[in-house]
Amino acid sequence: MANTTIGRSAPATLAAAPWRIVAGVLLFAGAIALPFGLSDYQAFQVTLALSYAIAVLGLNMLTGFSGQISLGHGAFYAIGAYTTAILMDRYDWPYWATLPVAGADCLIIGFLFGLPALRLEGLYLALATLALAVATPQLLKANALEDWTGGVQGITILKPDPPAFLPIDADRWLYFFTLAVAALMFLLAWNILRGRIGRALRAIRDHALAAEAMGINLATYKAWVFGVSAMFTGVAGALSAIAVQFVGPDSFDVFLSIRLLTGMVVGGLGSITGAIWGALFIEYVPNIADQISKAAPWAIYGIFLIGFMYAMPTGVAGGLRLLARRLIGRRPPSNG
Amino acid sequence: MESLLHQVLSGLATGGIYASMALALVMIYQATHHINFAQGEMAMASTYLAWSLIAAGLPYWLAFILTVALSFVAGVAIERILLRPVANAPVLSVIIVFIGLLVIFNSLAGWIFTYTIKTFPTPFSSEPLLGGLISTHEVGATAVTLTVLALLYLFFRFTPLGLAMRAAAQNPVSSRLCGIRVGWMLALGWGLAAAIGAVAGMMIAPIVFLDPNMMSGVLLYAFAGALIGGIDNPVGAVVGGFIVGVLENLAGAYVIGTELKLSFALVVIVGVLVVKPSGLFGRVLVSRV
Amino acid sequence: MPALLEATALRAYYGAVPVLHGLSFAVPDGGIATLLGANGAGKTTTLRAVTKMIRVDGEIRFAGERIDGRSTEDIVRRGIAHVPDGRGTFVDLTVEENLRVGAITRRDRGVTSDFDRMYGYFPRLKERRRQQAGTLSGGEQQMLAIARALMLRPRLLLLDEPSFGLAPLLVEEIFRIMRLINQQERVSILLVEQNASLALDLADEAFLIETGRLVLAGKAADLAKAESVRRSYLGY
């Protein structure tokens, strides 16, 4: 049987090595400065990439860390997005208040979906989640729900204004807002995954029977993981709705789920930082592909995908780790 | 009552097509433990090839045979060239390669042939038979798919090559110890699956019309049919395909309307799987710790 | 007798772990050689090395030609049949299909008569020939595995622990058939066997292996009398 272990061991600890602190500070400074050097559209792209990063992180928690394949996370992205759109458009909620609601309803729906679905294994679960992904645009267009979802035409929302006391424009503000939420979500994920829960998830992924024998209540954990992972992706969807200012059923088709999956694998399974690489791939490679070939951009995208898998089967994060090991391995150990 | 019969018969006709695609999926799964997500797009590409040949003036059945043959060769080539390098990669990486293939085929088809819907000719007439219960094409398509399935059965059961392929799929290590070139058996399996896909595509195109996305629904139903029958069971896959065809039609006509019938059928199938996770005929695997 | 199979300085690895450390042995043409040793000594590994089921360094010559660089299928097609430990039965195929797979690479016309010969050696297989192989008992599956290997009409037969888990009467039967095949059809045999007295009784040459190294080699009759062998492996 093909190699069934996916992902790797615990996420790296934030050791206080000096170079890590310097890198962290530089990264932080760069993230703050970034949007001011970009055009409005480019700032929008980075904002969207950030929301994809949260979505991929969510998916990674389920698939990379606990080994449950989901081909349907686009559905939760859609639920989060529509929650925000409906609350903002129909009920005049402020944009920031919609995020917790989007997260909460995805958490609940994810948990409820996860309870029966996670009795299924591997391919069967893949089909179940695929069914979810395929059903989503159809449900969003359904006549019965049209009053809520706006049917085929979707819902348009207004770009939120930056707070009065900050001298920046709406696009820049949106970037910082998304960045802050992303930082929060990543911190949350890191916290969850490195502790007891993370170990339990990895135990389930690596050997479910043994995990159960050791007292981990499989059904509860799995459903819970599904819920949390859906929550992350739902928050990401909400953020994307605010950035794009529109939700429509065809934006949330099967291909969205596929893009999230590919982002996760390209970035690196079971890697938190991998989610960022994956998001960059999702956001920018289609554009690059479009520039290479206007006529068949997805063909180029497909070639990129296959190329990545040949060159880096463990994703960008895995590839970087290998590179680091090779570089650092040449130097003698620091504490002699 | 008549309309129910009509739905059922129509469902069996499309079900036959799902059944053959499901069989192709199971064949590859048994041999490699991978699901070929690109199966549908490969079938679509084959159908476009047939369309081009017919448009260039070839008579239908010649184009048919040529397409099946070329699809076979393409299937073998894809396995040998594209899939051997990732044979030992993690499961999800291989899934991504399949998705890459899927996307490439889809995009190239759209580029070369545009996304306008085309009609695809049927070698049978479109006259209704049995007082309107079923069209001649549906009968013809069912006959073709049943013939294909029968030929495959005979091939696997009674020919040495078929035996070698079955052995290679079941137990590659022992097969090598009998001198079987397992790698080539895999490639042949892919070739056969591609050929089956081509036939399925050419049979369904007159019904759903030809466009780059025509096979996505079919693949999903085939996948569902294979799982309902038990993913390790060829006969189950075939039965599952027929069940799904009938279910889809009945759901569309009586329960949920055509716009939601895809989701509904899938939801029902998922329901079945939750109740009996290994499928109707699949073996319940007892895991030894 | 000249050697049909010659292995020189074999090193074999499971992943990065070395299991054989420069082992050398030979199987006489038309004769029977046996590899003896305790559990985990490396006997099964040695057989796997010959048919390239694992990574191996060193030289292996079959009828004078090097085979260590070739793939398993190629090696088998040259006339080496391997009955692995665990038997490797095709459990979902019938008994008859299992035998047919054994002969699948043959192009000559003798296959049908070989079926009859196999059923002659193993009448129980004939009774069960349409049965699914997975439903056979352990002893029957062992007979099936040997018959399947013989359907290849090999020049060399590798046998891994044929007595494992079998009733003594059945084991005697199998060894009787081995002797018959060797004498009547000139099939050379490389036998791995934990039951040292049976093995030394059958074989012409013997090689004693401990933790992947050769410690004693010679005529089987001589080893059977050697003090160390008697004490450690023959129990007296």
# chains A, B, ... in the order shown; residues from 1 in each chain; ligands from 1
>>> select_by_dssp(residues="segment 84-261 of chain A", states="helix (DSSP H, G or I)", output="ChimeraX atom specification")
/A:84-91,95-117,122-141,143-149,151-153,170-194,196-206,208-213,218-244,249-252,254-261
>>> interface_residues(of="chain C", to="chain B", cutoff="6 Å", atoms="only C-alpha atoms", output="list in words")
Glu73, Val76, Arg77, Gly88 and Gly102 of chain C
>>> residues_around(residues="Ser229 of chain A", least_positions_apart="4", cutoff="8 Å", atoms="only C-alpha atoms", output="list in words")
Leu57, Gly58, Leu59, Asn60, Met61, Leu62, Leu107, Gly110, Val225 and Thr233 of chain A
>>> closest_atom_pairs(of="chain A", to="chain B", cutoff="8 Å", atoms="only C-alpha atoms", output="Markdown table")
| residue | atom | partner | partner_atom | distance |
| --- | --- | --- | --- | --- |
| A:Met1 | CA | B:His33 | CA | 6.5 |
| A:Ala2 | CA | B:Asn88 | CA | 6.3 |
| A:Asn3 | CA | B:Pro90 | CA | 5.1 |
| A:Thr4 | CA | B:Val91 | CA | 6.2 |
| A:Thr5 | CA | B:Pro90 | CA | 7.2 |
| A:Ile6 | CA | B:Pro90 | CA | 6.5 |
| A:Pro116 | CA | B:Val274 | CA | 6.6 |
| A:Ala117 | CA | B:Val274 | CA | 6.9 |
| A:Arg119 | CA | B:Val274 | CA | 6.8 |
| A:Leu120 | CA | B:Pro277 | CA | 6.1 |
| A:Tyr124 | CA | B:Leu227 | CA | 7.0 |
| A:Leu127 | CA | B:Ala224 | CA | 7.3 |
| A:Ala128 | CA | B:Val270 | CA | 5.6 |
| A:Ala131 | CA | B:Leu266 | CA | 5.6 |
| A:Leu132 | CA | B:Ser263 | CA | 7.8 |
| A:Val134 | CA | B:Ser263 | CA | 6.6 |
| A:Ala135 | CA | B:Ser263 | CA | 4.6 |
| A:Gln138 | CA | B:Leu260 | CA | 6.1 |
| A:Leu139 | CA | B:Leu260 | CA | 7.3 |
| A:Ala142 | CA | B:Leu260 | CA | 7.8 |
| A:Leu209 | CA | B:Val289 | CA | 7.3 |
| A:Ala210 | CA | B:Val289 | CA | 7.7 |
| A:Thr262 | CA | B:Ile96 | CA | 6.4 |
| A:Val265 | CA | B:Ser93 | CA | 6.8 |
| A:Ala295 | CA | B:Trp111 | CA | 5.8 |
| A:Ala296 | CA | B:Ser107 | CA | 5.4 |
| A:Pro297 | CA | B:Ser107 | CA | 7.2 |
| A:Trp298 | CA | B:Ser107 | CA | 5.5 |
| A:Ala299 | CA | B:Ile104 | CA | 3.9 |
| A:Ile300 | CA | B:Ile104 | CA | 7.2 |
| A:Tyr301 | CA | B:Gly100 | CA | 7.5 |
| A:Gly302 | CA | B:Gly100 | CA | 4.0 |
| A:Ile303 | CA | B:Gly100 | CA | 6.5 |
| A:Leu305 | CA | B:Gly100 | CA | 5.7 |
| A:Ile306 | CA | B:Val97 | CA | 5.1 |
| A:Met309 | CA | B:Ser93 | CA | 6.0 |
| A:Tyr310 | CA | B:Val86 | CA | 6.8 |
| A:Pro313 | CA | B:Ser93 | CA | 6.0 |
| A:Thr314 | CA | B:Ser93 | CA | 7.8 |
>>> atom_distance(atom1="atom CA of Ala144 of chain A", atom2="atom CA of Met215 of chain B")
27.9 Å
>>> residues_around(residues="Leu156 of chain C", least_positions_apart="6", cutoff="8 Å", atoms="only C-alpha atoms", output="list in words")
Leu4, Gly79, Ile80, Ala81, Val187, Ser188, Ile189 and Leu190 of chain C
>>> residues_around(residues="Leu49 of chain B", least_positions_apart="3", cutoff="12 Å", atoms="only C-alpha atoms", output="NGL selection string")
:B and (42-46 or 52-56 or 58 or 63-71 or 74 or 109 or 112-113 or 120 or 198-199 or 201-202 or 210)
>>> select_by_dssp(residues="segment 12-232 of chain C", states="strand (DSSP E)", output="count of residues only")
57
>>> residues_around(residues="Ala206 of chain C", least_positions_apart="5", cutoff="12 Å", atoms="only C-alpha atoms", output="compact mmCIF listing (two decimals) with C-alpha atoms, in the first residue's frame")
# COMPACT_ATOMS: atom_id res chain seq x y z
CA PHE C 25 28.06 -19.66 -0.48
CA ALA C 26 27.29 -21.83 -3.49
CA VAL C 27 24.67 -24.29 -4.68
CA PRO C 28 26.04 -27.26 -6.63
CA GLY C 31 22.52 -30.72 -5.89
CA ILE C 32 20.92 -29.44 -2.72
CA ALA C 33 22.44 -26.84 -0.41
CA THR C 34 21.02 -25.76 2.89
CA LEU C 35 21.40 -22.61 4.94
CA LEU C 36 21.19 -23.30 8.66
CA GLY C 37 21.03 -20.98 11.60
CA ILE C 189 17.60 -26.63 -4.38
CA LEU C 190 18.69 -23.96 -1.92
CA LEU C 191 16.91 -24.74 1.30
CA VAL C 192 16.49 -22.53 4.33
CA GLU C 193 15.32 -24.55 7.23
CA ALA C 196 18.49 -28.74 11.07
CA SER C 197 18.35 -32.52 11.17
CA LEU C 198 15.82 -32.72 8.35
CA ALA C 199 17.81 -30.26 6.30
CA LEU C 200 21.15 -31.98 6.82
CA ASP C 201 19.55 -35.27 5.93
CA LEU C 214 29.10 -17.58 7.59
CA VAL C 215 30.61 -19.59 10.43
CA LEU C 216 30.78 -23.09 9.04
CA ALA C 217 30.53 -24.63 5.58
CA GLY C 218 30.99 -28.08 4.12
CA LYS C 219 29.34 -31.34 3.21
CA ALA C 220 26.04 -31.81 4.97
CA ALA C 221 27.10 -35.19 6.31
CA ASP C 222 30.23 -33.66 7.88
CA LEU C 223 28.34 -30.81 9.49
CA ALA C 224 25.85 -33.23 10.92
CA ALA C 226 30.42 -31.61 13.87
CA VAL C 229 26.41 -28.14 15.15
>>> atom_distance(atom1="atom CA of Phe72 of chain B", atom2="atom CA of Phe158 of chain B")
20.7 Å
>>> residues_around(residues="Ala38 of chain C", least_positions_apart="3", cutoff="8 Å", atoms="only C-alpha atoms", output="MDAnalysis selection string")
chainID C and resid 41 194 209:210
>>> write_last_selection(atoms="C-alpha atoms", output="PDB file, in the first residue's frame")
ATOM      1  CA  ALA C  41      20.474 -15.202  11.532  1.00  0.00           C
ATOM      2  CA  GLN C 194      15.242 -24.228  10.991  1.00  0.00           C
ATOM      3  CA  ILE C 209      24.986 -18.664   9.358  1.00  0.00           C
ATOM      4  CA  GLU C 210      25.068 -16.601  12.549  1.00  0.00           C
TER       5      GLU C 210
END
>>> atom_distance(atom1="atom CA of Ile197 of chain A", atom2="atom CA of Tyr221 of chain A")
8.8 Å
